[in-house]
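Trainee: Input structure: my_file38.csv, which contains CSV, C-alpha atoms and all ligand atoms.
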```
chain,number,residue,atom,x,y,z
Z,1,MET,CA,-91.6,-39.2,-5.4
Z,2,ILE,CA,-95.2,-40.1,-5.3
Z,3,GLN,CA,-97.3,-37.4,-7.0
Z,4,LEU,CA,-100.7,-37.0,-5.5
Z,5,SER,CA,-103.1,-36.1,-8.3
Z,6,PRO,CA,-105.9,-33.7,-7.4
Z,7,GLY,CA,-109.2,-35.5,-6.7
Z,8,ALA,CA,-111.8,-35.7,-9.3
Z,9,TYR,CA,-114.9,-33.5,-9.2
Z,10,ARG,CA,-118.0,-35.3,-8.1
Z,11,HIS,CA,-121.1,-34.0,-9.8
Z,12,ALA,CA,-124.2,-34.1,-7.6
Z,13,THR,CA,-127.4,-34.8,-9.3
Z,14,ASP,CA,-129.9,-32.0,-8.8
Z,15,ARG,CA,-133.5,-33.2,-8.4
Z,16,TRP,CA,-136.3,-30.7,-8.4
Z,17,GLY,CA,-139.7,-31.4,-7.0
Z,18,SER,CA,-141.8,-31.6,-3.9
Z,19,PHE,CA,-140.1,-33.0,-0.8
Z,20,LYS,CA,-142.7,-35.7,-0.5
Z,21,ARG,CA,-142.1,-36.9,-4.1
Z,22,LEU,CA,-138.3,-36.8,-3.8
Z,23,CYS,CA,-138.4,-38.4,-0.3
Z,24,ALA,CA,-140.1,-41.4,-1.8
Z,25,THR,CA,-136.8,-42.2,-3.5
Z,26,LEU,CA,-134.8,-42.1,-0.2
Z,27,PRO,CA,-133.4,-45.5,0.7
Z,28,GLU,CA,-134.9,-47.1,3.8
Z,29,GLY,CA,-132.7,-46.9,6.9
Z,30,SER,CA,-131.3,-43.5,6.1
Z,31,PHE,CA,-130.1,-41.0,8.7
Z,32,ALA,CA,-131.9,-37.7,8.5
Z,33,VAL,CA,-130.6,-34.4,10.0
Z,34,VAL,CA,-133.4,-31.8,10.0
Z,35,ASP,CA,-133.6,-28.1,10.9
Z,36,ARG,CA,-136.1,-28.1,13.7
Z,37,ARG,CA,-137.7,-24.8,12.5
Z,38,VAL,CA,-138.1,-26.2,9.0
Z,39,ALA,CA,-139.8,-29.3,10.4
Z,40,ARG,CA,-142.2,-27.1,12.3
Z,41,LEU,CA,-143.0,-24.8,9.4
Z,42,HIS,CA,-143.5,-27.8,7.0
Z,43,PRO,CA,-145.5,-30.3,9.0
Z,44,THR,CA,-145.6,-33.0,6.3
Z,45,LEU,CA,-141.8,-33.2,6.3
Z,46,ILE,CA,-141.3,-35.6,9.2
Z,47,PRO,CA,-144.2,-37.9,8.2
Z,48,ALA,CA,-142.7,-38.2,4.7
Z,49,LEU,CA,-139.3,-39.1,6.2
Z,50,LYS,CA,-140.9,-41.6,8.6
Z,51,ALA,CA,-142.6,-43.3,5.8
Z,52,ARG,CA,-139.1,-44.3,4.5
Z,53,LYS,CA,-138.4,-46.2,7.8
Z,54,PRO,CA,-135.3,-44.1,8.6
Z,55,HIS,CA,-132.5,-45.3,10.8
Z,56,THR,CA,-132.7,-42.1,12.8
Z,57,ILE,CA,-134.1,-38.6,12.6
Z,58,VAL,CA,-132.1,-35.9,14.5
Z,59,GLN,CA,-133.6,-32.4,14.7
Z,60,LEU,CA,-131.2,-29.5,15.3
Z,61,ALA,CA,-131.8,-25.8,15.8
Z,62,GLY,CA,-130.5,-24.1,12.6
Z,63,GLY,CA,-127.9,-21.4,13.0
Z,64,GLU,CA,-124.2,-21.3,14.0
Z,65,SER,CA,-125.0,-23.3,17.1
Z,66,ALA,CA,-125.5,-26.3,14.8
Z,67,LYS,CA,-121.9,-26.0,13.7
Z,68,THR,CA,-120.3,-27.0,17.0
Z,69,PHE,CA,-118.4,-30.1,18.1
Z,70,GLU,CA,-121.3,-30.9,20.5
Z,71,ALA,CA,-123.8,-31.0,17.6
Z,72,LEU,CA,-121.3,-33.1,15.6
Z,73,GLU,CA,-120.9,-35.5,18.4
Z,74,GLN,CA,-124.6,-35.8,18.7
Z,75,LEU,CA,-124.8,-36.7,15.0
Z,76,MET,CA,-121.9,-39.2,15.4
Z,77,ALA,CA,-123.6,-40.9,18.3
Z,78,ALA,CA,-127.0,-41.1,16.5
Z,79,GLY,CA,-125.4,-42.5,13.3
Z,80,LEU,CA,-123.1,-45.0,15.1
Z,81,SER,CA,-125.0,-48.1,14.1
Z,82,MET,CA,-125.9,-47.0,10.5
Z,83,PRO,CA,-124.3,-49.2,7.8
Z,84,ARG,CA,-121.5,-48.0,5.7
Z,85,SER,CA,-123.8,-48.2,2.7
Z,86,GLY,CA,-126.3,-45.9,4.4
Z,87,THR,CA,-127.3,-42.4,3.3
Z,88,LEU,CA,-127.3,-39.2,5.4
Z,89,VAL,CA,-129.9,-36.7,4.3
Z,90,ALA,CA,-129.4,-33.1,5.5
Z,91,ILE,CA,-132.5,-30.9,5.4
Z,92,GLY,CA,-132.0,-27.3,6.3
Z,93,GLY,CA,-129.9,-24.2,5.6
Z,94,GLY,CA,-126.2,-23.9,5.3
Z,95,THR,CA,-125.4,-24.6,8.9
Z,96,ILE,CA,-127.3,-27.9,8.9
Z,97,GLY,CA,-125.7,-28.7,5.6
Z,98,ASP,CA,-122.2,-27.9,6.8
Z,99,VAL,CA,-122.3,-30.0,10.0
Z,100,SER,CA,-124.0,-32.8,8.2
Z,101,THR,CA,-121.3,-32.8,5.5
Z,102,VAL,CA,-118.7,-33.3,8.3
Z,103,ALA,CA,-120.8,-36.1,9.8
Z,104,ALA,CA,-121.3,-37.8,6.5
Z,105,HIS,CA,-117.5,-37.7,5.9
Z,106,LEU,CA,-116.6,-39.1,9.3
Z,107,LEU,CA,-119.3,-41.7,9.8
Z,108,LYS,CA,-118.0,-45.1,8.7
Z,109,ARG,CA,-115.2,-43.2,6.9
Z,110,GLY,CA,-117.8,-41.7,4.6
Z,111,VAL,CA,-121.4,-42.3,3.7
Z,112,ARG,CA,-123.6,-41.1,0.9
Z,113,LEU,CA,-124.9,-37.6,1.3
Z,114,VAL,CA,-128.1,-36.0,0.1
Z,115,GLN,CA,-128.4,-32.2,0.6
Z,116,VAL,CA,-131.8,-30.7,0.8
Z,117,PRO,CA,-131.1,-26.9,1.0
Z,118,THR,CA,-134.1,-25.1,2.6
Z,119,THR,CA,-132.7,-21.6,2.5
Z,120,LEU,CA,-132.0,-19.7,-0.7
Z,121,LEU,CA,-128.4,-19.2,0.4
Z,122,ALA,CA,-127.9,-22.9,0.8
Z,123,ALA,CA,-129.6,-23.6,-2.5
Z,124,VAL,CA,-127.4,-21.2,-4.5
Z,125,ASP,CA,-124.2,-21.7,-2.6
Z,126,SER,CA,-123.5,-23.8,0.4
Z,127,SER,CA,-125.1,-27.1,-0.6
Z,128,LEU,CA,-122.8,-27.3,-3.6
Z,129,GLY,CA,-119.1,-27.6,-3.8
Z,130,GLY,CA,-118.4,-30.3,-1.3
Z,131,LYS,CA,-117.4,-28.2,1.7
Z,132,GLY,CA,-118.5,-28.9,5.3
Z,133,ALA,CA,-117.2,-27.4,8.5
Z,134,VAL,CA,-117.8,-26.7,12.2
Z,135,ASP,CA,-116.8,-23.7,14.2
Z,136,MET,CA,-114.5,-23.5,17.2
Z,137,THR,CA,-114.3,-21.2,20.2
Z,138,VAL,CA,-110.7,-20.1,20.7
Z,139,ARG,CA,-109.9,-17.9,23.7
Z,140,GLY,CA,-113.6,-17.0,24.0
Z,141,ARG,CA,-114.0,-16.0,20.3
Z,142,VAL,CA,-115.9,-18.0,17.8
Z,143,VAL,CA,-113.7,-18.8,14.8
Z,144,LYS,CA,-115.8,-19.8,11.8
Z,145,ASN,CA,-115.0,-23.0,9.8
Z,146,PRO,CA,-111.5,-23.9,11.0
Z,147,VAL,CA,-112.3,-27.6,11.1
Z,148,GLY,CA,-113.7,-28.9,7.8
Z,149,VAL,CA,-113.8,-31.5,5.1
Z,150,PHE,CA,-114.5,-31.9,1.5
Z,151,HIS,CA,-117.3,-34.5,1.0
Z,152,TYR,CA,-119.3,-34.1,-2.1
Z,153,ALA,CA,-123.1,-34.7,-2.0
Z,154,ASP,CA,-124.4,-37.4,-4.3
Z,155,GLU,CA,-127.7,-35.7,-4.8
Z,156,ALA,CA,-129.3,-32.3,-4.0
Z,157,TRP,CA,-133.0,-32.0,-3.7
Z,158,LEU,CA,-134.4,-28.6,-4.6
Z,159,CYS,CA,-137.9,-28.3,-3.2
Z,160,PRO,CA,-139.3,-24.8,-4.0
Z,161,GLU,CA,-142.0,-25.2,-1.3
Z,162,PHE,CA,-139.3,-24.6,1.4
Z,163,TYR,CA,-138.4,-21.2,-0.1
Z,164,ALA,CA,-142.0,-20.1,0.5
Z,165,SER,CA,-141.4,-19.8,4.3
Z,166,LEU,CA,-138.3,-17.7,4.0
Z,167,SER,CA,-138.4,-14.0,5.1
Z,168,ASP,CA,-137.7,-11.2,2.6
Z,169,THR,CA,-134.3,-10.8,4.3
Z,170,GLN,CA,-133.4,-14.4,3.7
Z,171,ILE,CA,-134.5,-14.2,0.1
Z,172,ARG,CA,-132.3,-11.1,-0.4
Z,173,GLU,CA,-129.3,-12.8,1.2
Z,174,GLY,CA,-129.5,-15.8,-1.2
Z,175,ALA,CA,-130.2,-13.5,-4.1
Z,176,LEU,CA,-127.1,-11.4,-3.4
Z,177,GLU,CA,-124.9,-14.5,-3.4
Z,178,ALA,CA,-126.5,-15.5,-6.7
Z,179,TRP,CA,-126.0,-12.0,-8.3
Z,180,LYS,CA,-122.4,-12.1,-7.0
Z,181,MET,CA,-121.8,-15.1,-9.3
Z,182,VAL,CA,-123.6,-13.6,-12.2
Z,183,ALA,CA,-121.9,-10.2,-12.0
Z,184,SER,CA,-118.4,-11.8,-11.7
Z,185,LEU,CA,-118.8,-14.8,-14.0
Z,186,ASP,CA,-121.4,-14.4,-16.7
Z,187,GLU,CA,-121.9,-11.2,-18.6
Z,188,GLU,CA,-124.7,-12.5,-20.8
Z,189,LEU,CA,-126.7,-13.7,-17.8
Z,190,PHE,CA,-126.1,-10.3,-16.1
Z,191,ARG,CA,-127.6,-8.5,-19.0
Z,192,ALA,CA,-130.6,-10.8,-19.0
Z,193,TYR,CA,-131.1,-10.3,-15.3
Z,194,THR,CA,-130.9,-6.6,-15.5
Z,195,ARG,CA,-133.5,-6.6,-18.3
Z,196,ARG,CA,-135.9,-8.8,-16.4
Z,197,ALA,CA,-135.6,-9.9,-12.8
Z,198,PRO,CA,-135.2,-13.7,-12.7
Z,199,ALA,CA,-137.7,-16.0,-11.0
Z,200,LEU,CA,-136.4,-17.6,-7.9
Z,201,GLU,CA,-136.0,-21.1,-9.4
Z,202,ARG,CA,-134.2,-19.7,-12.5
Z,203,MET,CA,-131.8,-17.9,-10.2
Z,204,VAL,CA,-131.1,-21.1,-8.2
Z,205,LYS,CA,-130.5,-23.1,-11.4
Z,206,ASP,CA,-128.2,-20.4,-12.9
Z,207,ALA,CA,-126.2,-19.9,-9.7
Z,208,ARG,CA,-125.7,-23.6,-9.2
Z,209,ARG,CA,-124.5,-24.0,-12.7
Z,210,LEU,CA,-122.0,-21.1,-12.3
Z,211,LYS,CA,-120.7,-22.3,-9.0
Z,212,GLU,CA,-120.4,-25.9,-10.3
Z,213,SER,CA,-118.4,-24.7,-13.3
Z,214,VAL,CA,-115.9,-23.1,-11.0
Z,215,CYS,CA,-115.7,-26.0,-8.5
Z,216,ALA,CA,-115.3,-28.5,-11.2
Z,217,GLN,CA,-112.0,-26.9,-12.2
Z,218,ASP,CA,-110.7,-27.0,-8.7
Z,219,PRO,CA,-112.7,-29.5,-6.7
Z,220,TYR,CA,-110.5,-29.6,-3.6
Z,221,GLU,CA,-109.3,-25.9,-3.7
Z,222,GLN,CA,-105.8,-26.8,-4.6
Z,223,GLN,CA,-105.2,-24.3,-7.4
Z,224,GLY,CA,-106.8,-21.2,-6.0
Z,225,LEU,CA,-109.4,-21.1,-8.8
Z,226,ARG,CA,-112.3,-21.1,-6.4
Z,227,ARG,CA,-111.2,-17.8,-4.9
Z,228,VAL,CA,-113.1,-16.0,-7.6
Z,229,LEU,CA,-116.3,-17.0,-5.7
Z,230,ASN,CA,-115.1,-14.7,-3.0
Z,231,PHE,CA,-116.1,-11.5,-4.8
Z,232,GLY,CA,-117.4,-9.2,-2.1
Z,233,HIS,CA,-116.3,-11.4,0.8
Z,234,THR,CA,-113.1,-9.5,1.9
Z,235,PHE,CA,-114.9,-6.5,3.3
Z,236,GLY,CA,-118.1,-8.5,3.6
Z,237,HIS,CA,-116.5,-10.6,6.4
Z,238,VAL,CA,-115.2,-7.4,8.1
Z,239,LEU,CA,-118.7,-5.9,8.1
Z,240,GLU,CA,-120.2,-9.1,9.3
Z,241,SER,CA,-117.7,-9.3,12.2
Z,242,VAL,CA,-118.0,-5.6,13.2
Z,243,SER,CA,-121.8,-6.0,13.4
Z,244,HIS,CA,-121.2,-9.0,15.7
Z,245,PHE,CA,-123.0,-11.1,13.1
Z,246,GLU,CA,-126.2,-9.1,13.3
Z,247,LEU,CA,-125.7,-8.2,9.7
Z,248,SER,CA,-126.5,-11.3,7.7
Z,249,HIS,CA,-123.8,-12.9,5.6
Z,250,GLY,CA,-125.5,-12.2,2.3
Z,251,ASP,CA,-126.2,-8.5,3.2
Z,252,ALA,CA,-122.5,-8.2,4.3
Z,253,VAL,CA,-121.4,-9.7,0.9
Z,254,GLY,CA,-123.7,-7.2,-0.9
Z,255,LEU,CA,-122.0,-4.2,0.8
Z,256,GLY,CA,-118.6,-6.0,0.4
Z,257,MET,CA,-119.2,-6.0,-3.4
Z,258,LEU,CA,-119.7,-2.3,-3.3
Z,259,CYS,CA,-116.3,-2.0,-1.5
Z,260,ALA,CA,-114.7,-4.3,-4.1
Z,261,LEU,CA,-116.1,-2.2,-6.9
Z,262,ASP,CA,-114.6,1.0,-5.2
Z,263,VAL,CA,-111.2,-0.7,-4.8
Z,264,GLY,CA,-111.3,-1.9,-8.4
Z,265,ARG,CA,-112.0,1.6,-9.6
Z,266,ALA,CA,-109.3,3.1,-7.4
Z,267,MET,CA,-106.8,0.7,-8.9
Z,268,GLY,CA,-107.9,1.2,-12.5
Z,269,VAL,CA,-108.9,-2.5,-12.7
Z,270,THR,CA,-112.7,-2.0,-12.8
Z,271,PRO,CA,-113.8,0.5,-15.4
Z,272,GLU,CA,-116.1,3.3,-14.1
Z,273,ASP,CA,-119.0,2.3,-16.3
Z,274,VAL,CA,-118.7,-1.4,-15.2
Z,275,ALA,CA,-118.8,-0.3,-11.5
Z,276,TRP,CA,-121.8,1.8,-12.1
Z,277,LYS,CA,-123.7,-0.9,-13.9
Z,278,VAL,CA,-123.0,-3.5,-11.3
Z,279,GLU,CA,-123.8,-1.2,-8.4
Z,280,ASP,CA,-127.1,-0.1,-10.0
Z,281,ALA,CA,-128.0,-3.7,-10.8
Z,282,LEU,CA,-127.4,-4.8,-7.2
Z,283,HIS,CA,-129.8,-2.1,-6.0
Z,284,GLN,CA,-132.5,-2.8,-8.6
Z,285,GLY,CA,-132.1,-6.6,-8.5
Z,286,PRO,CA,-131.5,-8.3,-5.2
Z,287,GLY,CA,-131.7,-5.0,-3.3
Z,288,VAL,CA,-128.2,-4.4,-1.7
Z,289,LEU,CA,-128.4,-2.3,1.5
Z,290,GLY,CA,-127.5,1.4,1.2
Z,291,ARG,CA,-123.9,2.6,1.8
Z,292,GLU,CA,-125.1,4.3,5.0
Z,293,ARG,CA,-125.3,0.9,6.5
Z,294,THR,CA,-121.6,0.4,5.9
Z,295,ALA,CA,-121.0,3.9,7.5
Z,296,ASP,CA,-123.1,2.9,10.6
Z,297,LEU,CA,-121.1,-0.3,11.1
Z,298,LEU,CA,-117.7,1.3,10.5
Z,299,LYS,CA,-118.5,3.9,13.2
Z,300,GLU,CA,-118.4,1.0,15.7
Z,301,ALA,CA,-115.0,-0.2,14.5
Z,302,SER,CA,-111.5,1.3,14.6
Z,303,LEU,CA,-109.1,1.0,11.7
Z,304,LYS,CA,-107.0,-1.2,14.0
Z,305,ASP,CA,-109.9,-3.6,14.4
Z,306,VAL,CA,-110.4,-3.8,10.7
Z,307,VAL,CA,-106.7,-4.5,10.0
Z,308,ALA,CA,-106.8,-7.3,12.6
Z,309,LEU,CA,-110.0,-8.7,11.0
Z,310,LEU,CA,-108.5,-8.6,7.5
Z,311,SER,CA,-105.4,-10.4,8.5
Z,312,ALA,CA,-107.3,-13.0,10.5
Z,313,ASP,CA,-109.4,-13.6,7.4
Z,314,LYS,CA,-106.3,-15.2,5.8
Z,315,LYS,CA,-106.6,-13.1,2.7
Z,316,THR,CA,-103.6,-10.9,3.3
Z,317,GLY,CA,-100.1,-11.5,1.8
Z,318,SER,CA,-96.8,-11.2,3.7
Z,319,ALA,CA,-96.7,-7.4,3.3
Z,320,GLY,CA,-100.2,-6.9,4.5
Z,321,GLU,CA,-101.6,-6.6,1.0
Z,322,LEU,CA,-105.1,-8.0,0.5
Z,323,ARG,CA,-105.8,-10.6,-2.1
Z,324,MET,CA,-109.1,-9.4,-3.5
Z,325,VAL,CA,-111.5,-10.4,-6.2
Z,326,LEU,CA,-111.9,-7.4,-8.5
Z,327,LEU,CA,-114.0,-7.1,-11.6
Z,328,THR,CA,-112.2,-6.3,-14.8
Z,329,ASP,CA,-115.5,-6.2,-16.7
Z,330,VAL,CA,-119.1,-7.4,-16.2
Z,331,GLY,CA,-118.9,-11.1,-15.8
Z,332,ARG,CA,-115.1,-11.2,-15.5
Z,333,ALA,CA,-113.1,-11.3,-12.2
Z,334,GLU,CA,-109.5,-11.5,-11.3
Z,335,VAL,CA,-107.7,-11.9,-8.0
Z,336,ARG,CA,-105.4,-8.9,-7.4
Z,337,ASP,CA,-103.1,-7.8,-4.6
Z,338,VAL,CA,-104.4,-4.6,-3.0
Z,339,THR,CA,-102.0,-2.6,-0.9
Z,340,ALA,CA,-103.2,-1.1,2.4
Z,341,ASP,CA,-102.9,2.5,1.1
Z,342,VAL,CA,-105.5,1.8,-1.6
Z,343,TRP,CA,-108.3,0.7,0.7
Z,344,ARG,CA,-107.3,3.1,3.5
Z,345,ALA,CA,-107.8,6.0,1.0
Z,346,LEU,CA,-111.3,4.8,0.5
Z,347,TRP,CA,-112.0,4.5,4.2
Z,348,PRO,CA,-113.2,8.2,4.8
Z,349,ALA,CA,-115.8,7.9,2.1
Z,350,TRP,CA,-117.0,4.5,3.3
Z,351,SER,CA,-117.2,5.9,6.9
Z,352,ARG,CA,-119.5,8.7,5.6
Z,353,GLY,CA,-121.6,6.3,3.5
Z,354,VAL,CA,-120.8,7.9,0.2
Z,355,ARG,CA,-119.4,6.5,-3.0
Z,356,PRO,CA,-115.7,7.4,-3.2
S,401,LIG,N1,-120.2,-25.1,2.7
S,401,LIG,C1,-120.1,-24.0,1.9
S,401,LIG,O1,-119.5,-24.0,0.8
S,401,LIG,C2,-120.7,-22.7,2.5
S,401,LIG,C3,-120.9,-21.6,1.6
S,401,LIG,C4,-121.6,-20.5,2.1
S,401,LIG,C5,-122.0,-20.5,3.4
S,401,LIG,N2,-121.8,-21.6,4.2
S,401,LIG,C6,-122.3,-21.6,5.6
S,401,LIG,O2,-123.7,-21.5,5.6
S,401,LIG,C7,-124.2,-21.0,6.8
S,401,LIG,C8,-125.3,-20.1,6.5
S,401,LIG,O3,-126.3,-20.7,5.9
S,401,LIG,P1,-127.9,-20.2,6.0
S,401,LIG,O4,-127.9,-18.8,5.6
S,401,LIG,O5,-128.7,-21.1,5.2
S,401,LIG,O6,-128.1,-20.2,7.5
S,401,LIG,P2,-128.9,-21.2,8.6
S,401,LIG,O7,-128.7,-22.6,8.3
S,401,LIG,O8,-128.4,-20.7,9.9
S,401,LIG,O9,-130.4,-20.8,8.4
S,401,LIG,C9,-130.8,-19.5,8.7
S,401,LIG,C10,-132.1,-19.5,9.5
S,401,LIG,O10,-133.1,-19.9,8.6
S,401,LIG,C11,-133.9,-20.9,9.2
S,401,LIG,N3,-134.5,-21.7,8.1
S,401,LIG,C12,-133.9,-22.6,7.3
S,401,LIG,N4,-134.8,-23.0,6.3
S,401,LIG,C13,-135.9,-22.3,6.4
S,401,LIG,C14,-137.1,-22.2,5.7
S,401,LIG,N5,-137.3,-22.9,4.6
S,401,LIG,N6,-138.0,-21.3,6.1
S,401,LIG,C15,-137.8,-20.5,7.2
S,401,LIG,N7,-136.7,-20.5,7.9
S,401,LIG,C16,-135.7,-21.4,7.5
S,401,LIG,C17,-133.0,-21.7,10.1
S,401,LIG,O11,-133.7,-22.4,11.1
S,401,LIG,C18,-132.1,-20.6,10.6
S,401,LIG,O12,-132.8,-20.0,11.7
S,401,LIG,C19,-123.0,-20.4,7.5
S,401,LIG,O13,-122.6,-21.2,8.6
S,401,LIG,C20,-121.9,-20.4,6.4
S,401,LIG,O14,-120.6,-20.6,7.0
S,401,LIG,C21,-121.2,-22.7,3.8
S,402,ZN,ZN,-120.8,-16.1,0.9
```
Would you write out, as structure tokens, the structure that this file holds?
Ligand SMILES: NC(=O)c1ccc[n+]([C@@H]2O[C@H](COP(=O)([O-])OP(=O)(O)OC[C@H]3O[C@@H](n4cnc5c(N)ncnc54)[C@H](O)[C@@H]3O)[C@@H](O)[C@H]2O)c1
Ligand SMILES: [Zn+2]
Mentor:
Amino acid sequence: MIQLSPGAYRHATDRWGSFKRLCATLPEGSFAVVDRRVARLHPTLIPALKARKPHTIVQLAGGESAKTFEALEQLMAAGLSMPRSGTLVAIGGGTIGDVSTVAAHLLKRGVRLVQVPTTLLAAVDSSLGGKGAVDMTVRGRVVKNPVGVFHYADEAWLCPEFYASLSDTQIREGALEAWKMVASLDEELFRAYTRRAPALERMVKDARRLKESVCAQDPYEQQGLRRVLNFGHTFGHVLESVSHFELSHGDAVGLGMLCALDVGRAMGVTPEDVAWKVEDALHQGPGVLGRERTADLLKEASLKDVVALLSADKKTGSAGELRMVLLTDVGRAEVRDVTADVWRALWPAWSRGVRP
């Protein structure tokens, strides 16, 4: 029998600097996909790209509408005549990065990809790890990321000027994902962060290093090792859905981390003092929303809806148990099976917005 060996990890080179300086290194004839809003907020961006005699520049509106088959088809059509040796450069948040990753994978059976994350969330998370995806509408409901690829970027350009035009909410979102990695993967860094809030660039560098260390062990998600990056995502996704995606992903993950700490405590996996420390740090540091927000959102949802969302999230086992990432200590996480009675017992406190 032929044994397929897992693919090797492809390390992307991180380059820090102004967009103009980094763009001067872009090969001529490249295909650029640009978030339209970013292009408007940063008027020197398009001229810098044009100076590199690009093959094409496509501007897309950022947001989930960029992750559709229509947008992907638009990119395919625009990139049709680019050479196989060409480079696709994706400039925008996670949505532009995700659809561009799929496009880079498909065009000419794979072209070079340069990621230029312009949101903090994209910088700390989505532009790293090789994943790209588009959404689908199935029976009137948007299903996130069912069609996707692994296609590792060759380079990531980290241009701090872009983060200057982000709102406080967008900064908080990215920061919560970064703190997620620190709280679940690196105790020493967690202590340093709680002593002194990290500068934005420091946080991006640390989060990228942590995510990369996880992805490098399981580059194509064949061994389940990347699951650890899902701390806070089980109930985070539920809250995101019941808010009809009004609650941002990062904020949902923030509240989802509080739920995961509660579940961990209830199961005796997360020691009480660890849960306190992390909850307090999430308030003091990135500024997780209050538990009353969880209560407000759960008012809108029935237990039945939540069960349906949890099973649709593909994180449940055959007996309906949840496969959740729980902290065993600060900086240490494990995937554990959580039976429905455990989280259902916490439900009344969550619905009242209090710590169980
Ligand atoms: N591939 C992965 O591993 C991975 C990981 C996490 C999340 N994701 C995906 O990432 C997406 C979310 O990414 P996101 O939060 O960056 O969202 P996004 O791309 O929708 O960007 C959010 C908003 O910010 C705007 N924006 C972008 N850069 C800006 C800037 N510099 N200044 C001001 N506004 C700016 C965009 O136009 C958009 O309106 C989701 O689709 C999610 O599924 C992917
Ligand atoms: Zn996330």
Trainee: Please identify all polymer residues within 8 Å of Z:Arg208, counting only C-alpha atoms, omitting same-chain residues fewer than 6 positions from it, and present them as a list in words.
Mentor: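 Those residues are Ala123, Val124, Asp125 and Leu128 of chain Z.
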Trainee: Just give me the residues with any atom within 10 Å of (-134.7, -31.7, -7.5), file coordinates, counting all atoms listed in the file, written as JSON, numbers by chain.
Mentor: {"Z": [13, 14, 15, 16, 17, 18, 19, 21, 22, 116, 155, 156, 157, 158, 159, 160]}
Trainee: Please measure the separation of atom CA of Z:Pro198 and atom CA of Z:Leu176, giving the value in Å to one decimal.
Mentor: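 About the pair atom CA of Z:Pro198 and atom CA of Z:Leu176: they are 12.5 Å apart.
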Trainee: Rank Z:Leu106, Z:Val342, Z:Val335, Z:Val182 by their smallest atom-to-atom distance to Z:Leu225, using all atoms listed in the file, and report the top residue only.
Mentor: Z:Val335
Trainee: Could you build a table of the residues in chain Z lying no more than 8 Å from ligand ZN 402 (chain S), giving for each the nearest pair of atoms and their separation in Å rounded to one decimal place, using all atoms listed in the file, ordered by chain and ascending residue number, as JSON lines?
Mentor:
```
{"residue": "Z:Asp125", "atom": "CA", "partner": "S:ZN402", "partner_atom": "ZN", "distance": 7.4}
{"residue": "Z:Glu177", "atom": "CA", "partner": "S:ZN402", "partner_atom": "ZN", "distance": 6.2}
{"residue": "Z:Asn230", "atom": "CA", "partner": "S:ZN402", "partner_atom": "ZN", "distance": 7.0}
{"residue": "Z:His233", "atom": "CA", "partner": "S:ZN402", "partner_atom": "ZN", "distance": 6.5}
{"residue": "Z:His249", "atom": "CA", "partner": "S:ZN402", "partner_atom": "ZN", "distance": 6.4}
{"residue": "Z:Gly250", "atom": "CA", "partner": "S:ZN402", "partner_atom": "ZN", "distance": 6.3}
{"residue": "Z:Val253", "atom": "CA", "partner": "S:ZN402", "partner_atom": "ZN", "distance": 6.4}
```
Trainee: Point out the residue among Z:Ala345, Z:Ala319, Z:Val138, Z:Leu26 with the least atom-to-atom distance to Z:Val114, counting all atoms listed in the file.
Mentor: Z:Leu26
Trainee: Show me which residues line ligand LIG 401 (chain S), defined as having an atom within 6 Å of a ligand atom where all atoms listed in the file count, and present them as an mmCIF file with C-alpha atoms, in the frame of the given file.
Mentor:
```cif
data_model
loop_
_atom_site.group_PDB
_atom_site.id
_atom_site.type_symbol
_atom_site.label_atom_id
_atom_site.label_comp_id
_atom_site.auth_asym_id
_atom_site.auth_seq_id
_atom_site.Cartn_x
_atom_site.Cartn_y
_atom_site.Cartn_z
ATOM 1 C CA ASP Z 35 -133.600 -28.100 10.900
ATOM 2 C CA ARG Z 37 -137.700 -24.800 12.500
ATOM 3 C CA VAL Z 38 -138.100 -26.200 9.000
ATOM 4 C CA GLY Z 62 -130.500 -24.100 12.600
ATOM 5 C CA GLY Z 63 -127.900 -21.400 13.000
ATOM 6 C CA GLU Z 64 -124.200 -21.300 14.000
ATOM 7 C CA GLY Z 92 -132.000 -27.300 6.300
ATOM 8 C CA GLY Z 93 -129.900 -24.200 5.600
ATOM 9 C CA GLY Z 94 -126.200 -23.900 5.300
ATOM 10 C CA THR Z 95 -125.400 -24.600 8.900
ATOM 11 C CA ILE Z 96 -127.300 -27.900 8.900
ATOM 12 C CA ASP Z 98 -122.200 -27.900 6.800
ATOM 13 C CA THR Z 118 -134.100 -25.100 2.600
ATOM 14 C CA THR Z 119 -132.700 -21.600 2.500
ATOM 15 C CA LEU Z 121 -128.400 -19.200 0.400
ATOM 16 C CA ALA Z 122 -127.900 -22.900 0.800
ATOM 17 C CA ASP Z 125 -124.200 -21.700 -2.600
ATOM 18 C CA SER Z 126 -123.500 -23.800 0.400
ATOM 19 C CA GLY Z 129 -119.100 -27.600 -3.800
ATOM 20 C CA LYS Z 131 -117.400 -28.200 1.700
ATOM 21 C CA GLY Z 132 -118.500 -28.900 5.300
ATOM 22 C CA PHE Z 162 -139.300 -24.600 1.400
ATOM 23 C CA TYR Z 163 -138.400 -21.200 -0.100
ATOM 24 C CA SER Z 165 -141.400 -19.800 4.300
ATOM 25 C CA LEU Z 166 -138.300 -17.700 4.000
#
```
Trainee: Pick out the closest residue to Z:Arg291 from this set: Z:Ala312, Z:Val354, Z:Leu88, Z:Met181. Count all atoms listed in the file.
Mentor: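 The closest residue to Z:Arg291 is Z:Val354.
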Trainee: Between Z:Leu120, Z:Met324, Z:Ala207, Z:Ala295, which one has atoms that come closest to Z:Met257, using all atoms listed in the file?
Mentor: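 When distances to Z:Met257 are compared using all atoms listed in the file, the smallest one comes from Z:Met324.
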Trainee: If I take atom CA of Z:Val306 and atom CA of Z:Leu239, how far is one from the other in Å, to one decimal?
Mentor: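 Going from atom CA of Z:Val306 over to atom CA of Z:Leu239, I get 8.9 Å.
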